[in-house]
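Student: Input file: input_21.txt. Contents: compact mmCIF, C-alpha atoms.
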```
# COMPACT_ATOMS: atom_id res chain seq x y z
CA MET A 1 29.52 5.18 63.86
CA ILE A 2 28.46 8.80 63.43
CA ASP A 3 27.94 10.82 66.60
CA TRP A 4 24.95 12.88 65.49
CA GLY A 5 24.88 14.76 68.79
CA ARG A 6 28.44 15.90 68.06
CA ILE A 7 27.37 16.93 64.54
CA ARG A 8 24.70 19.18 66.05
CA GLN A 9 27.36 21.08 67.98
CA ASP A 10 28.86 22.35 64.69
CA PHE A 11 25.77 24.52 64.12
CA PRO A 12 25.98 27.68 66.24
CA ILE A 13 22.37 28.75 65.67
CA LEU A 14 21.12 25.59 67.39
CA ASP A 15 22.44 26.96 70.69
CA ARG A 16 19.59 29.49 70.60
CA LYS A 17 16.64 29.22 72.92
CA ILE A 18 13.16 29.99 71.61
CA ASN A 19 10.87 31.15 74.41
CA GLY A 20 13.38 29.60 76.79
CA ARG A 21 13.18 26.23 75.03
CA ARG A 22 15.76 24.19 73.13
CA LEU A 23 15.41 24.89 69.41
CA ALA A 24 14.07 21.96 67.40
CA PHE A 25 14.67 23.17 63.85
CA LEU A 26 12.47 21.10 61.52
CA ASP A 27 12.40 23.21 58.36
CA SER A 28 15.51 22.10 56.49
CA ALA A 29 13.47 21.35 53.35
CA ALA A 30 13.04 25.11 53.04
CA SER A 31 16.61 26.02 53.99
CA SER A 32 19.18 24.22 56.12
CA GLN A 33 21.27 25.64 58.92
CA LYS A 34 25.02 26.21 58.42
CA PRO A 35 27.92 24.57 60.23
CA ILE A 36 30.75 26.71 61.54
CA GLN A 37 33.01 25.25 58.85
CA VAL A 38 30.92 26.87 56.10
CA ILE A 39 30.63 30.16 57.98
CA ASP A 40 34.39 30.25 58.52
CA ALA A 41 35.20 29.40 54.90
CA MET A 42 33.18 32.35 53.64
CA THR A 43 34.43 34.73 56.30
CA ASP A 44 38.03 33.77 55.49
CA ILE A 45 37.60 34.82 51.85
CA TYR A 46 36.31 38.23 52.89
CA ARG A 47 39.11 38.64 55.41
CA SER A 48 42.07 37.29 53.46
CA CYS A 49 41.74 37.33 49.67
CA TYR A 50 38.48 38.83 48.45
CA ALA A 51 38.72 40.06 44.85
CA ASN A 52 36.73 39.52 41.67
CA VAL A 53 37.50 36.22 39.95
CA HIS A 54 38.85 35.55 36.46
CA ARG A 55 39.60 39.24 35.96
CA GLY A 56 42.80 40.15 37.75
CA ALA A 57 46.47 39.29 37.36
CA TYR A 58 47.13 40.24 40.97
CA THR A 59 47.46 37.88 43.92
CA LEU A 60 44.07 38.42 45.58
CA SER A 61 42.16 37.79 42.35
CA GLN A 62 44.20 34.72 41.54
CA GLU A 63 43.64 33.27 45.02
CA SER A 64 39.89 33.94 44.87
CA THR A 65 39.72 32.44 41.39
CA GLU A 66 41.51 29.28 42.50
CA ALA A 67 39.22 28.91 45.53
CA TYR A 68 36.17 29.39 43.29
CA GLU A 69 37.30 26.83 40.72
CA GLU A 70 38.30 24.40 43.46
CA SER A 71 34.70 24.53 44.64
CA ARG A 72 33.60 23.59 41.14
CA ARG A 73 35.94 20.59 41.30
CA LYS A 74 34.54 19.62 44.71
CA VAL A 75 30.97 19.67 43.40
CA ALA A 76 32.03 17.66 40.35
CA ARG A 77 33.61 14.98 42.55
CA PHE A 78 30.53 14.99 44.80
CA LEU A 79 28.34 14.12 41.79
CA ASN A 80 30.90 12.01 39.90
CA ALA A 81 30.74 14.54 37.07
CA ALA A 82 33.24 16.27 34.83
CA GLU A 83 34.41 19.64 36.11
CA GLU A 84 33.31 21.49 32.98
CA GLU A 85 29.76 20.14 33.41
CA ILE A 86 29.21 22.10 36.64
CA ILE A 87 27.54 25.46 36.09
CA PHE A 88 27.16 27.79 39.05
CA THR A 89 23.87 29.70 39.23
CA ARG A 90 22.14 31.60 42.02
CA SER A 91 19.68 28.81 42.98
CA ALA A 92 17.95 25.61 41.90
CA THR A 93 15.20 27.80 40.49
CA ALA A 94 17.73 29.71 38.39
CA SER A 95 19.23 26.40 37.23
CA MET A 96 15.88 25.10 36.01
CA ASN A 97 15.14 28.40 34.32
CA LEU A 98 18.56 28.29 32.65
CA PHE A 99 17.71 24.90 31.17
CA ALA A 100 14.18 25.97 30.22
CA TYR A 101 15.36 29.11 28.43
CA GLY A 102 18.69 27.80 27.12
CA TRP A 103 17.42 24.45 25.86
CA GLY A 104 13.63 24.61 25.82
CA LEU A 105 13.23 27.98 24.14
CA ASN A 106 15.56 26.96 21.31
CA ASN A 107 14.42 23.38 20.76
CA LEU A 108 10.68 23.17 21.42
CA LYS A 109 8.01 23.85 18.81
CA PRO A 110 4.22 23.54 18.48
CA GLY A 111 3.10 19.96 19.03
CA ASP A 112 6.03 19.09 21.30
CA ARG A 113 5.30 18.17 24.90
CA VAL A 114 7.04 18.86 28.19
CA LEU A 115 6.15 16.22 30.74
CA THR A 116 6.39 16.87 34.45
CA SER A 117 4.30 15.78 37.46
CA VAL A 118 1.57 17.11 39.73
CA MET A 119 3.92 16.93 42.73
CA GLU A 120 6.41 19.46 41.39
CA HIS A 121 7.64 22.64 43.04
CA HIS A 122 6.51 25.77 41.21
CA ALA A 123 10.10 26.19 39.97
CA ASN A 124 9.59 23.11 37.78
CA ILE A 125 6.17 24.20 36.50
CA VAL A 126 6.13 27.97 36.02
CA PRO A 127 9.16 28.18 33.66
CA TRP A 128 7.48 25.61 31.43
CA HIS A 129 4.29 27.67 31.35
CA ILE A 130 6.40 30.58 30.09
CA ILE A 131 8.34 28.49 27.56
CA ALA A 132 5.14 26.88 26.29
CA GLY A 133 3.73 30.34 25.73
CA HIS A 134 6.77 31.28 23.63
CA THR A 135 7.10 28.04 21.65
CA GLY A 136 3.62 26.57 21.36
CA ALA A 137 4.71 23.41 23.16
CA GLU A 138 2.27 21.69 25.51
CA LEU A 139 2.57 20.56 29.12
CA GLY A 140 1.59 17.16 30.47
CA PHE A 141 1.47 16.10 34.11
CA ILE A 142 2.07 12.67 35.60
CA ASP A 143 -0.38 11.87 38.40
CA ILE A 144 0.28 10.31 41.81
CA THR A 145 -1.21 7.18 43.34
CA ASP A 146 -3.43 6.96 46.40
CA ASP A 147 -0.35 6.16 48.50
CA PHE A 148 1.41 9.33 47.31
CA ARG A 149 3.84 7.66 44.91
CA LEU A 150 4.42 8.76 41.34
CA ASP A 151 1.98 6.83 39.15
CA MET A 152 4.38 4.92 36.91
CA ASP A 153 1.58 3.45 34.77
CA ASP A 154 0.48 7.00 34.03
CA ALA A 155 4.09 8.08 33.42
CA LEU A 156 4.87 5.29 30.96
CA GLY A 157 1.59 5.90 29.17
CA LEU A 158 2.36 9.61 28.74
CA ILE A 159 5.97 9.25 27.59
CA ASP A 160 5.59 9.02 23.81
CA GLU A 161 7.28 10.37 20.70
CA ARG A 162 5.78 13.83 21.22
CA VAL A 163 7.59 14.28 24.53
CA ARG A 164 10.79 16.30 24.16
CA VAL A 165 11.48 17.06 27.84
CA VAL A 166 10.75 15.14 31.01
CA ALA A 167 11.30 17.40 34.04
CA ILE A 168 10.81 15.51 37.30
CA SER A 169 11.57 15.98 40.98
CA GLY A 170 14.08 13.64 42.58
CA MET A 171 12.25 14.09 45.89
CA SER A 172 9.01 15.92 46.58
CA ASN A 173 9.40 18.81 48.98
CA VAL A 174 5.84 18.18 50.20
CA LEU A 175 5.30 14.42 50.16
CA GLY A 176 8.87 13.24 50.63
CA THR A 177 8.28 10.86 47.71
CA MET A 178 11.39 9.85 45.76
CA PRO A 179 10.31 8.85 42.22
CA PRO A 180 12.25 6.19 40.27
CA VAL A 181 14.22 8.73 38.26
CA THR A 182 16.46 6.19 36.50
CA ARG A 183 13.47 4.22 35.23
CA ILE A 184 11.75 7.39 34.04
CA ALA A 185 14.92 8.56 32.30
CA ARG A 186 15.30 5.23 30.52
CA ALA A 187 11.76 5.46 29.15
CA ALA A 188 12.28 9.11 28.16
CA HIS A 189 15.49 8.37 26.29
CA GLU A 190 13.77 5.62 24.32
CA VAL A 191 11.62 8.31 22.68
CA GLY A 192 14.48 10.80 22.34
CA ALA A 193 13.47 13.09 25.21
CA VAL A 194 15.86 15.06 27.41
CA VAL A 195 15.55 14.58 31.17
CA LEU A 196 15.89 17.28 33.83
CA VAL A 197 15.85 16.32 37.51
CA ASP A 198 14.93 18.87 40.17
CA GLY A 199 17.44 17.73 42.79
CA ALA A 200 16.82 20.50 45.31
CA GLN A 201 15.68 17.96 47.92
CA LEU A 202 17.45 14.88 46.55
CA VAL A 203 21.07 16.04 46.39
CA PRO A 204 21.27 17.20 50.05
CA HIS A 205 19.88 13.94 51.39
CA ALA A 206 21.05 11.02 49.24
CA PRO A 207 24.11 9.90 47.29
CA VAL A 208 23.82 11.12 43.70
CA ASP A 209 26.06 9.77 40.95
CA VAL A 210 25.11 11.45 37.70
CA GLN A 211 26.72 8.63 35.72
CA ARG A 212 24.14 6.26 37.23
CA LEU A 213 21.20 8.61 37.69
CA GLY A 214 20.32 8.45 34.00
CA ALA A 215 19.29 12.10 33.66
CA ASP A 216 20.74 14.67 31.28
CA PHE A 217 20.48 17.69 33.59
CA LEU A 218 20.33 18.07 37.38
CA ALA A 219 19.46 21.25 39.28
CA PHE A 220 20.01 21.93 42.97
CA SER A 221 20.83 24.73 45.41
CA GLY A 222 23.42 25.27 48.10
CA HIS A 223 21.23 26.59 50.90
CA LYS A 224 19.36 23.30 51.35
CA MET A 225 22.62 21.35 51.78
CA LEU A 226 24.35 23.34 54.54
CA GLY A 227 25.69 25.97 52.13
CA PRO A 228 24.71 29.63 51.75
CA THR A 229 21.86 31.19 49.85
CA GLY A 230 22.58 32.71 46.46
CA ILE A 231 24.34 29.69 44.97
CA GLY A 232 22.95 26.86 42.88
CA VAL A 233 24.20 24.30 40.39
CA LEU A 234 23.09 23.07 37.01
CA TRP A 235 24.85 19.89 35.96
CA GLY A 236 24.44 18.89 32.34
CA ARG A 237 25.95 16.39 29.96
CA ARG A 238 28.84 18.06 28.15
CA GLU A 239 27.53 17.36 24.64
CA LEU A 240 24.14 18.90 25.47
CA LEU A 241 25.71 21.91 27.15
CA GLU A 242 27.79 22.48 24.02
CA GLU A 243 24.60 22.60 21.95
CA MET A 244 22.61 24.69 24.44
CA GLU A 245 22.33 28.45 24.14
CA PRO A 246 23.12 30.76 27.08
CA ALA A 247 20.14 32.42 28.74
CA GLU A 248 22.07 35.50 29.88
CA GLY A 249 24.75 37.55 28.17
CA GLY A 250 27.60 39.74 29.38
CA GLY A 251 30.76 39.56 31.42
CA GLU A 252 32.90 36.45 31.25
CA MET A 253 30.54 34.28 29.18
CA ILE A 254 32.08 35.45 25.89
CA ARG A 255 35.12 34.54 23.82
CA GLU A 256 34.75 37.50 21.49
CA VAL A 257 32.44 40.49 21.13
CA ARG A 258 32.11 42.57 17.97
CA LEU A 259 29.53 45.13 17.00
CA ASP A 260 28.01 42.60 14.60
CA GLY A 261 27.93 39.61 16.96
CA SER A 262 29.48 37.60 19.77
CA GLU A 263 31.12 34.22 20.29
CA TRP A 264 30.57 32.25 23.49
CA ALA A 265 33.21 31.01 25.88
CA GLU A 266 33.67 27.30 26.52
CA VAL A 267 31.38 25.52 28.95
CA PRO A 268 30.77 26.03 31.77
CA HIS A 269 31.74 29.70 31.52
CA LYS A 270 29.37 30.49 28.64
CA PHE A 271 26.51 30.09 31.14
CA GLU A 272 28.02 32.23 33.91
CA ALA A 273 27.41 35.83 32.84
CA GLY A 274 28.60 38.65 35.07
CA THR A 275 30.40 38.43 38.39
CA PRO A 276 29.60 34.97 39.73
CA PRO A 277 28.57 34.35 43.35
CA PHE A 278 32.08 33.15 44.06
CA VAL A 279 32.09 33.58 47.85
CA GLU A 280 28.83 31.63 47.98
CA ALA A 281 30.34 28.96 45.71
CA ILE A 282 33.27 28.67 48.13
CA GLY A 283 30.76 28.25 50.95
CA LEU A 284 29.05 25.49 48.94
CA GLY A 285 32.43 23.82 48.50
CA ALA A 286 32.87 23.82 52.28
CA ALA A 287 29.39 22.31 52.67
CA VAL A 288 30.29 19.58 50.19
CA ASP A 289 33.43 18.86 52.23
CA TYR A 290 31.33 18.62 55.38
CA LEU A 291 28.75 16.26 53.87
CA SER A 292 31.43 14.16 52.21
CA ALA A 293 33.18 13.70 55.56
CA ILE A 294 29.92 12.37 57.04
CA GLY A 295 29.18 10.26 53.95
CA MET A 296 25.97 10.64 51.98
CA GLU A 297 24.95 7.03 52.67
CA ASN A 298 25.07 7.92 56.36
CA VAL A 299 23.05 11.08 55.74
CA LEU A 300 20.39 9.05 53.93
CA GLU A 301 20.25 6.41 56.67
CA HIS A 302 19.99 9.08 59.37
CA ASP A 303 17.08 10.68 57.49
CA ARG A 304 15.35 7.30 57.21
CA LEU A 305 15.71 6.55 60.91
CA LEU A 306 14.34 9.95 61.93
CA THR A 307 11.54 9.76 59.35
CA GLY A 308 10.51 6.29 60.46
CA TYR A 309 10.51 7.37 64.10
CA ALA A 310 8.53 10.52 63.26
CA LEU A 311 5.91 8.58 61.26
CA GLU A 312 5.42 6.23 64.23
CA ARG A 313 5.08 9.10 66.71
CA LEU A 314 2.80 11.17 64.47
CA ALA A 315 0.47 8.18 64.17
CA GLU A 316 -0.12 8.57 67.93
CA VAL A 317 -1.58 12.08 67.51
CA PRO A 318 -5.41 12.02 67.24
CA GLY A 319 -6.80 13.81 64.20
CA LEU A 320 -3.44 14.05 62.43
CA THR A 321 -3.17 13.04 58.76
CA VAL A 322 0.15 12.67 56.94
CA GLN A 323 0.31 13.66 53.28
CA GLY A 324 2.96 11.29 51.97
CA PRO A 325 4.04 7.64 51.98
CA ALA A 326 3.41 5.87 55.26
CA ASP A 327 6.81 4.14 55.28
CA THR A 328 10.43 5.04 54.54
CA ILE A 329 10.75 3.12 51.26
CA ASP A 330 11.86 5.53 48.53
CA ARG A 331 10.96 8.38 50.83
CA GLY A 332 12.85 11.35 52.17
CA GLY A 333 12.64 13.23 55.43
CA ALA A 334 9.96 15.80 54.60
CA ILE A 335 6.65 15.03 56.31
CA SER A 336 3.61 17.17 55.56
CA PHE A 337 0.58 16.82 57.79
CA SER A 338 -2.73 18.37 58.76
CA LEU A 339 -4.44 18.41 62.13
CA THR A 340 -8.23 18.28 62.22
CA GLY A 341 -9.71 21.45 63.64
CA ILE A 342 -6.54 23.55 63.50
CA HIS A 343 -5.27 25.55 60.52
CA ALA A 344 -1.69 24.80 59.47
CA HIS A 345 -0.58 28.36 60.25
CA ASP A 346 -2.01 28.09 63.76
CA VAL A 347 -0.20 24.79 64.20
CA ALA A 348 3.10 26.37 63.17
CA THR A 349 2.56 29.38 65.44
CA ILE A 350 1.87 27.26 68.51
CA LEU A 351 4.79 24.94 67.71
CA ASP A 352 7.08 27.95 67.50
CA GLN A 353 6.04 28.99 70.99
CA GLU A 354 7.20 25.55 72.09
CA GLY A 355 10.58 25.97 70.35
CA VAL A 356 9.71 23.82 67.32
CA ALA A 357 10.21 25.35 63.87
CA VAL A 358 8.11 23.85 61.05
CA ARG A 359 6.87 25.18 57.73
CA ALA A 360 3.20 25.97 57.08
CA GLY A 361 1.60 26.94 53.77
CA HIS A 362 1.36 25.61 50.23
CA HIS A 363 5.12 24.89 50.07
CA CYS A 364 5.36 26.37 46.54
CA ALA A 365 3.32 23.41 45.29
CA LYS A 366 -0.19 24.80 44.91
CA PRO A 367 -1.34 22.31 42.23
CA LEU A 368 -0.40 19.39 44.48
CA LEU A 369 -2.09 20.86 47.57
CA ARG A 370 -5.19 21.67 45.53
CA GLY A 371 -5.28 18.09 44.27
CA LEU A 372 -5.10 16.87 47.87
CA GLY A 373 -8.04 19.09 48.80
CA LEU A 374 -5.89 21.41 50.91
CA THR A 375 -4.95 25.08 50.86
CA ALA A 376 -2.10 24.59 53.33
CA SER A 377 -0.36 21.96 55.42
CA ALA A 378 2.32 21.91 58.08
CA ARG A 379 5.65 20.26 57.28
CA ALA A 380 8.44 18.91 59.43
CA SER A 381 11.72 18.10 57.71
CA PHE A 382 14.96 16.64 59.00
CA TYR A 383 18.69 16.91 58.42
CA VAL A 384 22.03 15.91 59.88
CA TYR A 385 21.70 18.06 63.02
CA ASN A 386 18.34 16.60 64.07
CA LEU A 387 17.91 13.99 66.78
CA THR A 388 14.99 11.88 67.98
CA GLU A 389 14.44 14.40 70.76
CA ASP A 390 13.49 16.94 68.08
CA VAL A 391 10.73 14.56 66.99
CA ASP A 392 9.65 14.15 70.62
CA ALA A 393 9.52 17.94 70.97
CA LEU A 394 7.32 18.09 67.86
CA ILE A 395 4.89 15.53 69.30
CA ASP A 396 4.73 17.32 72.65
CA ALA A 397 4.09 20.63 70.90
CA LEU A 398 1.31 19.12 68.79
CA GLY A 399 -0.26 17.94 72.02
CA GLU A 400 -0.12 21.51 73.30
CA ALA A 401 -1.77 22.75 70.08
CA ARG A 402 -4.60 20.29 70.57
CA ARG A 403 -4.98 21.36 74.20
CA ILE A 404 -5.17 25.05 73.26
CA PHE A 405 -7.87 24.30 70.70
CA GLY A 406 -9.79 22.14 73.15
CA LEU A 407 -9.13 18.89 71.27
CA THR A 408 -8.49 16.69 74.27
CA GLY A 409 -10.11 13.47 73.06
CA GLY A 410 -9.67 11.41 69.93
CA GLU A 411 -10.93 14.02 67.52
```
Output the structure of this file as structure tokens.
Tutor:
Amino acid sequence: MIDWGRIRQDFPILDRKINGRRLAFLDSAASSQKPIQVIDAMTDIYRSCYANVHRGAYTLSQESTEAYEESRRKVARFLNAAEEEIIFTRSATASMNLFAYGWGLNNLKPGDRVLTSVMEHHANIVPWHIIAGHTGAELGFIDITDDFRLDMDDALGLIDERVRVVAISGMSNVLGTMPPVTRIARAAHEVGAVVLVDGAQLVPHAPVDVQRLGADFLAFSGHKMLGPTGIGVLWGRRELLEEMEPAEGGGEMIREVRLDGSEWAEVPHKFEAGTPPFVEAIGLGAAVDYLSAIGMENVLEHDRLLTGYALERLAEVPGLTVQGPADTIDRGGAISFSLTGIHAHDVATILDQEGVAVRAGHHCAKPLLRGLGLTASARASFYVYNLTEDVDALIDALGEARRIFGLTGGE
């Protein structure tokens, strides 16, 4: 039995008061808070053995290098992947761009299609716009259903022999929807397509075994899973990484450099040009340790319980509409909503005055918001340090927002 109240105590920032009120931090989908274990792990490197990795024969460099590579091993175990399949990048966005430029730019041609969905984060749309402009490939977009699920009839109809890449979110950062990635990957592989999963929301909140996921590449970032900013991961199948070209050159990604050409290092190092974010990678390793100690099945169940409770409580608020599935089936803990008569930014501002931190805006998903007839929404999202009292604080604060705007009835 996990003591979630005890878990909360590991996060120093949650001791803060906002306007004299207990902080209810409900914006983990944007970036999670950090436990003291992660903070200490990074501070210890700076205090005890900081030195550039892979480049020194002296003790400090060797210790930093070992700590860096141990973090790679931790991430590999976390995903049930091979160590050499873990590439460290600066973010999930950088990971998806690495795949788009390293694989897409060198393999796509006019007439080929990249298939993604209308619910994607900009990081899984914009790179494909750029690559399509370079290669002549086309983009296709899978629609969503009226209940905010991925439209699988549309998906299976669009996945044909022209599709070379299927790039799909494992969990929508707006809707909370968790598409059936394994089923999509199976259909994509039947036509010879390569599958990339944007796991920025999925990996922090659910068990992910890449041997069972069915995808060929998986991108995610550290800062959404209790780790620091500036560190991300691209996992890829070894045979595809061997074939893929690097997107950046320089530093330790080479085996040999001559004036007439270069030879690349072995994977994963051929994709890690320059000084890597090794302190941040060590922080990610500490975050992986922390989540592994809790157990990702427990993390997922905690999210579901909070999400279910929040959906019930939000249904009590007059004039509030949730953009996302109405239940917790194949759904994560990101709940976007709008409140009749109050702009999302005003909602977020008033909630902040009540000590409740939520996101407001287009959530880097403008095509989705536009399709929903919105320019902005508010979003509450949950993680391991949240409790039901955070949801209660959200509901109370929404009541205050309605009172300030004179919405006292059932508007």
Student: Give me the residues within 9 Å of Glu63 of chain A as number ranges by chain, counting all atoms listed in the file and dropping any in the same chain fewer than 4 places off.
Tutor: A: 49-51, 53, 58-59, 67-68
Student: Identify, on the basis of all atoms listed in the file, every residue whose closest approach to Leu98 of chain A does not exceed 10 Å; exclude the query and any residue fewer than 6 positions from it along the same chain; express the result as an MDAnalysis selection string.
Tutor: chainID A and resid 89 92 104 127 219 234 244:248 271
Student: Excluding same-chain residues fewer than 3 positions from segment 322-329 of chain A, what lies within 7 Å of it counting all atoms listed in the file, as a VMD selection string?
Tutor: chain A and resid 147 to 148 175 to 177 304 307 to 308 335 to 338
Student: Residues at most 8 Å from Ser71 of chain A, counting only C-alpha atoms, excluding those fewer than 4 positions away in the same chain, as a list in words?
Tutor: Ala67, Val75, Ala281, Ile282, Leu284, Gly285 and Ala286 of chain A
Student: Restricted to C-alpha atoms, what would the selected residues look like written as a PDB file, in the coordinates of the input?
Tutor:
```pdb
ATOM      1  CA  ALA A  67      39.220  28.910  45.530  1.00  0.00           C
ATOM      2  CA  VAL A  75      30.970  19.670  43.400  1.00  0.00           C
ATOM      3  CA  ALA A 281      30.340  28.960  45.710  1.00  0.00           C
ATOM      4  CA  ILE A 282      33.270  28.670  48.130  1.00  0.00           C
ATOM      5  CA  LEU A 284      29.050  25.490  48.940  1.00  0.00           C
ATOM      6  CA  GLY A 285      32.430  23.820  48.500  1.00  0.00           C
ATOM      7  CA  ALA A 286      32.870  23.820  52.280  1.00  0.00           C
TER       8      ALA A 286
END
```
Student: Rank nothing, just name the residue among A:Gly102, A:Pro277, A:Gly261, A:Gly192 nearest to Val233 of chain A, using only C-alpha atoms.
Tutor: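 Looking at the shortest contact to Val233 of chain A, the residue is A:Pro277.
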Student: Which residues, written as a ChimeraX atom specification, have at least one atom at most 9 Å from Leu394 of chain A, with only C-alpha atoms counted and residues fewer than 5 positions away on the same chain left out?
Tutor: /A:24,26,310,314,351,354-358,380,389,399
Student: Could you check which of A:Val267, A:Leu372, A:Met296, A:Leu226 is closest to Arg238 of chain A, using only C-alpha atoms?
Tutor: A:Val267
Student: Edge lengths and centre in Å to one decimal, as AutoDock Vina command-line options, of the axis-aligned box that encloses all listed atoms of segment 370-374 of chain A with 5 Å added on every side?
Tutor:
```
--center_x -6.6 --center_y 19.3 --center_z 47.6 --size_x 12.9 --size_y 14.8 --size_z 16.6
```
Student: Kindly indicate which residue among A:Phe141, A:Tyr290, A:Phe405, A:Trp235 lies nearest to Thr340 of chain A, using all atoms listed in the file for the distances.
Tutor: A:Phe405
Student: Kindly give the distance, in Å, that separates atom CA of Ala29 of chain A and atom CA of Glu69 of chain A, rounded to a single decimal.
Tutor: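 Atom-to-atom, atom CA of Ala29 of chain A and atom CA of Glu69 of chain A are spaced 27.5 Å apart.
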Student: State, in Å with one decimal place, the distance from atom CA of Phe88 of chain A to atom CA of Gly232 of chain A.
Tutor: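 Calculated distance between atom CA of Phe88 of chain A and atom CA of Gly232 of chain A is 5.8 Å.
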Student: Just how far from atom CA of Ile294 of chain A is atom CA of Phe25 of chain A, in Å to one decimal?
Tutor: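 Atom CA of Ile294 of chain A lies 19.9 Å from atom CA of Phe25 of chain A.
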Student: Hey, which of A:Trp264, A:Ile36, A:Arg186, A:Glu243 ends up closest to Asn106 of chain A? Count all atoms listed in the file.
Tutor: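 Selected residue with least distance to Asn106 of chain A: A:Glu243.
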Student: Of the candidates A:Val208, A:Val197, A:Leu213, A:Leu368, which shows the shortest atom-to-atom distance to Ala76 of chain A, using only C-alpha atoms?
Tutor: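 Checking each candidate against Ala76 of chain A, we get A:Val208 as the closest.
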Student: My structure is short of atoms at segment 215-231 of chain A; please model N, CA and C atoms there, returning them as an mmCIF file, keeping the file's coordinate frame.
Tutor:
```cif
data_model
loop_
_atom_site.group_PDB
_atom_site.id
_atom_site.type_symbol
_atom_site.label_atom_id
_atom_site.label_comp_id
_atom_site.auth_asym_id
_atom_site.auth_seq_id
_atom_site.Cartn_x
_atom_site.Cartn_y
_atom_site.Cartn_z
ATOM 1 N N ALA A 215 19.815 10.833 34.157
ATOM 2 C CA ALA A 215 19.290 12.100 33.660
ATOM 3 C C ALA A 215 20.321 12.799 32.781
ATOM 4 N N ASP A 216 19.865 13.856 32.113
ATOM 5 C CA ASP A 216 20.740 14.670 31.280
ATOM 6 C C ASP A 216 21.118 15.978 31.960
ATOM 7 N N PHE A 217 20.247 16.457 32.853
ATOM 8 C CA PHE A 217 20.480 17.690 33.590
ATOM 9 C C PHE A 217 19.998 17.481 35.025
ATOM 10 N N LEU A 218 20.674 18.157 35.960
ATOM 11 C CA LEU A 218 20.330 18.070 37.380
ATOM 12 C C LEU A 218 20.486 19.459 37.980
ATOM 13 N N ALA A 219 19.438 19.925 38.660
ATOM 14 C CA ALA A 219 19.460 21.250 39.280
ATOM 15 C C ALA A 219 19.356 21.110 40.796
ATOM 16 N N PHE A 220 20.145 21.898 41.524
ATOM 17 C CA PHE A 220 20.010 21.930 42.970
ATOM 18 C C PHE A 220 20.603 23.223 43.506
ATOM 19 N N SER A 221 20.363 23.480 44.802
ATOM 20 C CA SER A 221 20.830 24.730 45.410
ATOM 21 C C SER A 221 21.693 24.452 46.624
ATOM 22 N N GLY A 222 22.512 25.432 46.988
ATOM 23 C CA GLY A 222 23.420 25.270 48.100
ATOM 24 C C GLY A 222 22.768 25.406 49.456
ATOM 25 N N HIS A 223 21.755 26.260 49.569
ATOM 26 C CA HIS A 223 21.230 26.590 50.900
ATOM 27 C C HIS A 223 20.443 25.463 51.539
ATOM 28 N N LYS A 224 20.055 24.455 50.769
ATOM 29 C CA LYS A 224 19.360 23.300 51.350
ATOM 30 C C LYS A 224 20.333 22.194 51.750
ATOM 31 N N MET A 225 21.624 22.377 51.471
ATOM 32 C CA MET A 225 22.620 21.350 51.780
ATOM 33 C C MET A 225 23.778 21.921 52.592
ATOM 34 N N LEU A 226 23.418 22.750 53.576
ATOM 35 C CA LEU A 226 24.350 23.340 54.540
ATOM 36 C C LEU A 226 25.145 24.514 54.006
ATOM 37 N N GLY A 227 24.983 24.845 52.729
ATOM 38 C CA GLY A 227 25.690 25.970 52.130
ATOM 39 C C GLY A 227 24.872 27.249 52.230
ATOM 40 N N PRO A 228 25.392 28.339 51.664
ATOM 41 C CA PRO A 228 24.710 29.630 51.750
ATOM 42 C C PRO A 228 23.613 29.771 50.714
ATOM 43 N N THR A 229 22.805 30.804 50.893
ATOM 44 C CA THR A 229 21.860 31.190 49.850
ATOM 45 C C THR A 229 22.642 31.848 48.709
ATOM 46 N N GLY A 230 21.978 32.006 47.575
ATOM 47 C CA GLY A 230 22.580 32.710 46.460
ATOM 48 C C GLY A 230 23.508 31.881 45.602
ATOM 49 N N ILE A 231 23.504 30.557 45.787
ATOM 50 C CA ILE A 231 24.340 29.690 44.970
ATOM 51 C C ILE A 231 23.560 28.420 44.624
#
```
